[in-house]
Amino acid sequence: MTASAPEPLRRVAARVVLRRLAPADLRAFQAYRQDKDLGRYQGWVPLPDTQARAFLDEMSRAVLFAPGAWVQLGIVDRQSDVLIGDIGLCVAAAAHSAEIGFTLRRQSQGSGLGTEAVAAAIELLFEQTAVAQVVGITDARNASSIGVLERVGMQRVSTERAVFRGEPCVEHRYRLARYPEMRD
């Protein structure tokens, strides 16, 4: 797989589809990425349309699971075929673990779609890479993300003080091991 000819991605779950982001997603992408409250605990910041379009174009061609590089996948409502969020995945440089982060537009929250999408992304990581574990890090105040991580079977392994966007906070680190015997 190369940047010029990426392998196609389409992971279909019961109510969501994971697929590559595309420049045609600009309107839906910007609708939730411009929501400052939604982005409060996220590593991204709202972008002007030209930068967002360039980002979507880059993600449409990005190499999947390249060690040390983040890739964003689109979360699409299977019924309406509308982009409702995205999931970031980053395989560690040593390729032993991967980190996951996710955003879901407000009107799609609270119905299990985020949990379904994150579970599908974790399955994809375990199928397509040799990572031994997937890690999720979230602000302790982000109850929605904590709920998703716990519903997909991740276990809290640590809590630490941190600084995020110049502000002190507390972060929880969650982990899901590939093999059950590693989960204790």
# chains A, B, ... in the order shown; residues from 1 in each chain; ligands from 1
>>> residues_around(residues="segment 15-31 of chain A", least_positions_apart="2", cutoff="9 Å", atoms="only C-alpha atoms", output="PDB file with C-alpha atoms, in the first residue's frame")
ATOM      1  CA  PRO A   8      -9.718   0.801  -0.027  1.00  0.00           C
ATOM      2  CA  LEU A   9     -11.285   0.978   3.392  1.00  0.00           C
ATOM      3  CA  ARG A  10     -14.901   0.332   4.129  1.00  0.00           C
ATOM      4  CA  ARG A  11     -15.792  -1.323   7.424  1.00  0.00           C
ATOM      5  CA  VAL A  12     -19.527  -1.906   7.711  1.00  0.00           C
ATOM      6  CA  ALA A  13     -21.061  -2.362  11.155  1.00  0.00           C
ATOM      7  CA  ARG A  33     -15.583  20.322  13.782  1.00  0.00           C
ATOM      8  CA  GLN A  34     -16.653  23.982  14.130  1.00  0.00           C
ATOM      9  CA  ASP A  35     -18.509  23.164  17.372  1.00  0.00           C
ATOM     10  CA  PRO A  46     -11.556  24.221  14.086  1.00  0.00           C
ATOM     11  CA  LEU A  47     -10.030  24.931  10.671  1.00  0.00           C
ATOM     12  CA  PRO A  48     -11.002  27.305   7.880  1.00  0.00           C
ATOM     13  CA  ASP A  49     -12.624  25.528   4.908  1.00  0.00           C
ATOM     14  CA  ALA A  52     -10.142  21.450   6.299  1.00  0.00           C
ATOM     15  CA  ARG A  53     -10.476  20.529   2.604  1.00  0.00           C
ATOM     16  CA  ALA A  54      -6.698  19.976   2.381  1.00  0.00           C
ATOM     17  CA  PHE A  55      -6.844  17.791   5.520  1.00  0.00           C
ATOM     18  CA  LEU A  56      -9.706  15.717   4.094  1.00  0.00           C
ATOM     19  CA  ASP A  57      -7.795  15.301   0.845  1.00  0.00           C
ATOM     20  CA  GLU A  58      -4.691  14.195   2.748  1.00  0.00           C
ATOM     21  CA  MET A  59      -6.701  11.661   4.781  1.00  0.00           C
ATOM     22  CA  SER A  60      -8.350  10.302   1.625  1.00  0.00           C
ATOM     23  CA  ARG A  61      -4.884   9.174   0.479  1.00  0.00           C
ATOM     24  CA  ALA A  62      -3.088   8.525   3.776  1.00  0.00           C
ATOM     25  CA  GLN A  72      -8.458   9.862  10.567  1.00  0.00           C
ATOM     26  CA  LEU A  73     -11.300   7.631   9.365  1.00  0.00           C
ATOM     27  CA  GLY A  74     -14.807   8.853   8.737  1.00  0.00           C
ATOM     28  CA  ILE A  75     -17.781   7.542  10.717  1.00  0.00           C
ATOM     29  CA  VAL A  76     -20.823   7.442   8.443  1.00  0.00           C
ATOM     30  CA  ASP A  77     -24.416   6.775   9.437  1.00  0.00           C
ATOM     31  CA  ARG A  78     -25.196   3.608   7.488  1.00  0.00           C
ATOM     32  CA  GLN A  79     -28.839   4.530   6.926  1.00  0.00           C
ATOM     33  CA  ASP A  81     -24.847   7.838   4.344  1.00  0.00           C
ATOM     34  CA  VAL A  82     -23.956  11.098   6.145  1.00  0.00           C
ATOM     35  CA  LEU A  83     -20.606  11.702   7.849  1.00  0.00           C
ATOM     36  CA  ILE A  84     -21.311  11.933  11.588  1.00  0.00           C
ATOM     37  CA  GLY A  85     -17.807  11.893  13.037  1.00  0.00           C
ATOM     38  CA  ASP A  86     -14.286  10.626  12.735  1.00  0.00           C
ATOM     39  CA  ILE A  87     -11.838   8.340  14.476  1.00  0.00           C
ATOM     40  CA  ARG A 105     -21.432  15.100  16.177  1.00  0.00           C
ATOM     41  CA  LEU A 113     -23.214   4.875  17.378  1.00  0.00           C
ATOM     42  CA  GLY A 114     -19.913   6.049  18.848  1.00  0.00           C
ATOM     43  CA  GLU A 116     -20.198   0.816  17.584  1.00  0.00           C
ATOM     44  CA  ALA A 117     -17.714   2.868  15.547  1.00  0.00           C
ATOM     45  CA  ALA A 120     -15.213  -1.493  14.661  1.00  0.00           C
ATOM     46  CA  ALA A 121     -12.022   0.593  14.601  1.00  0.00           C
TER      47      ALA A 121
END
>>> select_by_dssp(residues="chain A", states="strand (DSSP E)", output="NGL selection string")
:A and (10-12 or 16-20 or 70-77 or 83-91 or 97-104 or 133-139 or 155-164 or 167-177)
>>> residues_around(residues="segment 156-169 of chain A", least_positions_apart="3", cutoff="12 Å", atoms="only C-alpha atoms", output="JSON, numbers by chain")
{"A": [39, 40, 41, 42, 43, 44, 45, 134, 135, 136, 137, 138, 139, 140, 141, 142, 146, 147, 149, 150, 151, 153, 172, 173, 174, 175, 176, 177, 183, 184]}
>>> write_last_selection(atoms="N, CA and C atoms", output="short mmCIF file (atom, residue, chain, number, x, y, z; two decimals), in the first residue's frame")
data_model
loop_
_atom_site.label_atom_id
_atom_site.label_comp_id
_atom_site.auth_asym_id
_atom_site.auth_seq_id
_atom_site.Cartn_x
_atom_site.Cartn_y
_atom_site.Cartn_z
N GLY A 39 -15.34 20.21 20.61
CA GLY A 39 -13.89 20.09 20.52
C GLY A 39 -13.14 20.37 21.80
N ARG A 40 -13.86 20.62 22.87
CA ARG A 40 -13.23 21.01 24.13
C ARG A 40 -12.13 20.06 24.59
N TYR A 41 -12.36 18.77 24.47
CA TYR A 41 -11.39 17.77 24.95
C TYR A 41 -10.61 17.13 23.81
N GLN A 42 -10.72 17.68 22.62
CA GLN A 42 -10.09 17.09 21.44
C GLN A 42 -8.72 17.68 21.15
N GLY A 43 -7.90 16.94 20.45
CA GLY A 43 -6.59 17.42 20.05
C GLY A 43 -6.64 18.33 18.83
N TRP A 44 -7.78 18.42 18.18
CA TRP A 44 -7.92 19.27 17.00
C TRP A 44 -8.54 20.61 17.37
N VAL A 45 -8.37 21.56 16.47
CA VAL A 45 -9.02 22.87 16.60
C VAL A 45 -9.77 23.12 15.30
N VAL A 134 -4.57 -1.48 22.36
CA VAL A 134 -5.09 -0.18 21.92
C VAL A 134 -5.29 0.66 23.17
N VAL A 135 -4.87 1.92 23.09
CA VAL A 135 -4.91 2.83 24.22
C VAL A 135 -5.82 4.01 23.87
N GLY A 136 -6.59 4.45 24.84
CA GLY A 136 -7.39 5.66 24.71
C GLY A 136 -7.11 6.56 25.90
N ILE A 137 -6.90 7.84 25.65
CA ILE A 137 -6.62 8.80 26.71
C ILE A 137 -7.71 9.86 26.67
N THR A 138 -8.31 10.13 27.83
CA THR A 138 -9.39 11.11 27.86
C THR A 138 -9.34 11.95 29.12
N ASP A 139 -9.83 13.14 29.01
CA ASP A 139 -9.98 14.04 30.15
C ASP A 139 -10.97 13.40 31.12
N ALA A 140 -10.67 13.46 32.39
CA ALA A 140 -11.54 12.85 33.40
C ALA A 140 -12.94 13.47 33.43
N ARG A 141 -13.10 14.68 32.87
CA ARG A 141 -14.42 15.33 32.83
C ARG A 141 -15.24 14.90 31.61
N ASN A 142 -14.65 14.15 30.70
CA ASN A 142 -15.32 13.77 29.46
C ASN A 142 -16.08 12.45 29.65
N ILE A 146 -15.44 8.50 28.25
CA ILE A 146 -15.18 7.45 29.24
C ILE A 146 -16.17 6.31 29.05
N GLY A 147 -17.45 6.65 28.87
CA GLY A 147 -18.48 5.63 28.67
C GLY A 147 -18.21 4.79 27.43
N LEU A 149 -15.28 4.24 25.90
CA LEU A 149 -14.10 3.40 26.13
C LEU A 149 -14.43 2.20 27.02
N GLU A 150 -15.21 2.42 28.04
CA GLU A 150 -15.57 1.31 28.93
C GLU A 150 -16.53 0.33 28.26
N ARG A 151 -17.46 0.83 27.45
CA ARG A 151 -18.41 -0.07 26.77
C ARG A 151 -17.72 -0.97 25.74
N GLY A 153 -14.92 -2.30 26.23
CA GLY A 153 -14.11 -3.25 26.99
C GLY A 153 -12.77 -2.74 27.46
N HIS A 172 -7.41 10.21 32.13
CA HIS A 172 -7.47 8.76 32.35
C HIS A 172 -6.89 8.09 31.12
N ARG A 173 -6.11 7.05 31.35
CA ARG A 173 -5.57 6.23 30.27
C ARG A 173 -6.27 4.88 30.34
N TYR A 174 -6.84 4.49 29.20
CA TYR A 174 -7.53 3.21 29.08
C TYR A 174 -6.75 2.31 28.14
N ARG A 175 -6.96 1.00 28.31
CA ARG A 175 -6.22 0.03 27.50
C ARG A 175 -7.09 -1.19 27.22
N LEU A 176 -6.94 -1.71 26.01
CA LEU A 176 -7.57 -2.98 25.64
C LEU A 176 -6.49 -3.82 24.99
N ALA A 177 -6.22 -4.98 25.57
CA ALA A 177 -5.19 -5.89 25.05
C ALA A 177 -5.80 -6.78 23.96
N ARG A 183 -5.12 -8.99 29.50
CA ARG A 183 -6.09 -8.01 29.97
C ARG A 183 -6.14 -7.86 31.48
N ASP A 184 -5.44 -8.65 32.22
CA ASP A 184 -5.47 -8.55 33.69
C ASP A 184 -4.55 -7.47 34.20
#
>>> select_by_dssp(residues="segment 4-181 of chain A", states="alpha helix (DSSP H)", output="ChimeraX atom specification")
/A:26-33,49-61,113-128,143-151
>>> atom_distance(atom1="atom CA of Thr115 of chain A", atom2="atom CA of Leu38 of chain A")
16.7 Å
>>> closest_residue(among="A:Ala69, A:Leu104, A:Gly110, A:Glu123", to="Ala92 of chain A", atoms="only C-alpha atoms")
A:Ala69
>>> atom_distance(atom1="atom CA of Val63 of chain A", atom2="atom CA of Gln155 of chain A")
29.0 Å
>>> closest_residue(among="A:Val152, A:Ala93, A:Val170, A:Ala119", to="Ala14 of chain A", atoms="only C-alpha atoms")
A:Ala119
>>> closest_residue(among="A:Thr50, A:Val118, A:Thr129, A:Ala66", to="Gly101 of chain A", atoms="only C-alpha atoms")
A:Val118
>>> atom_distance(atom1="atom CA of Arg178 of chain A", atom2="atom CA of Ala98 of chain A")
11.0 Å
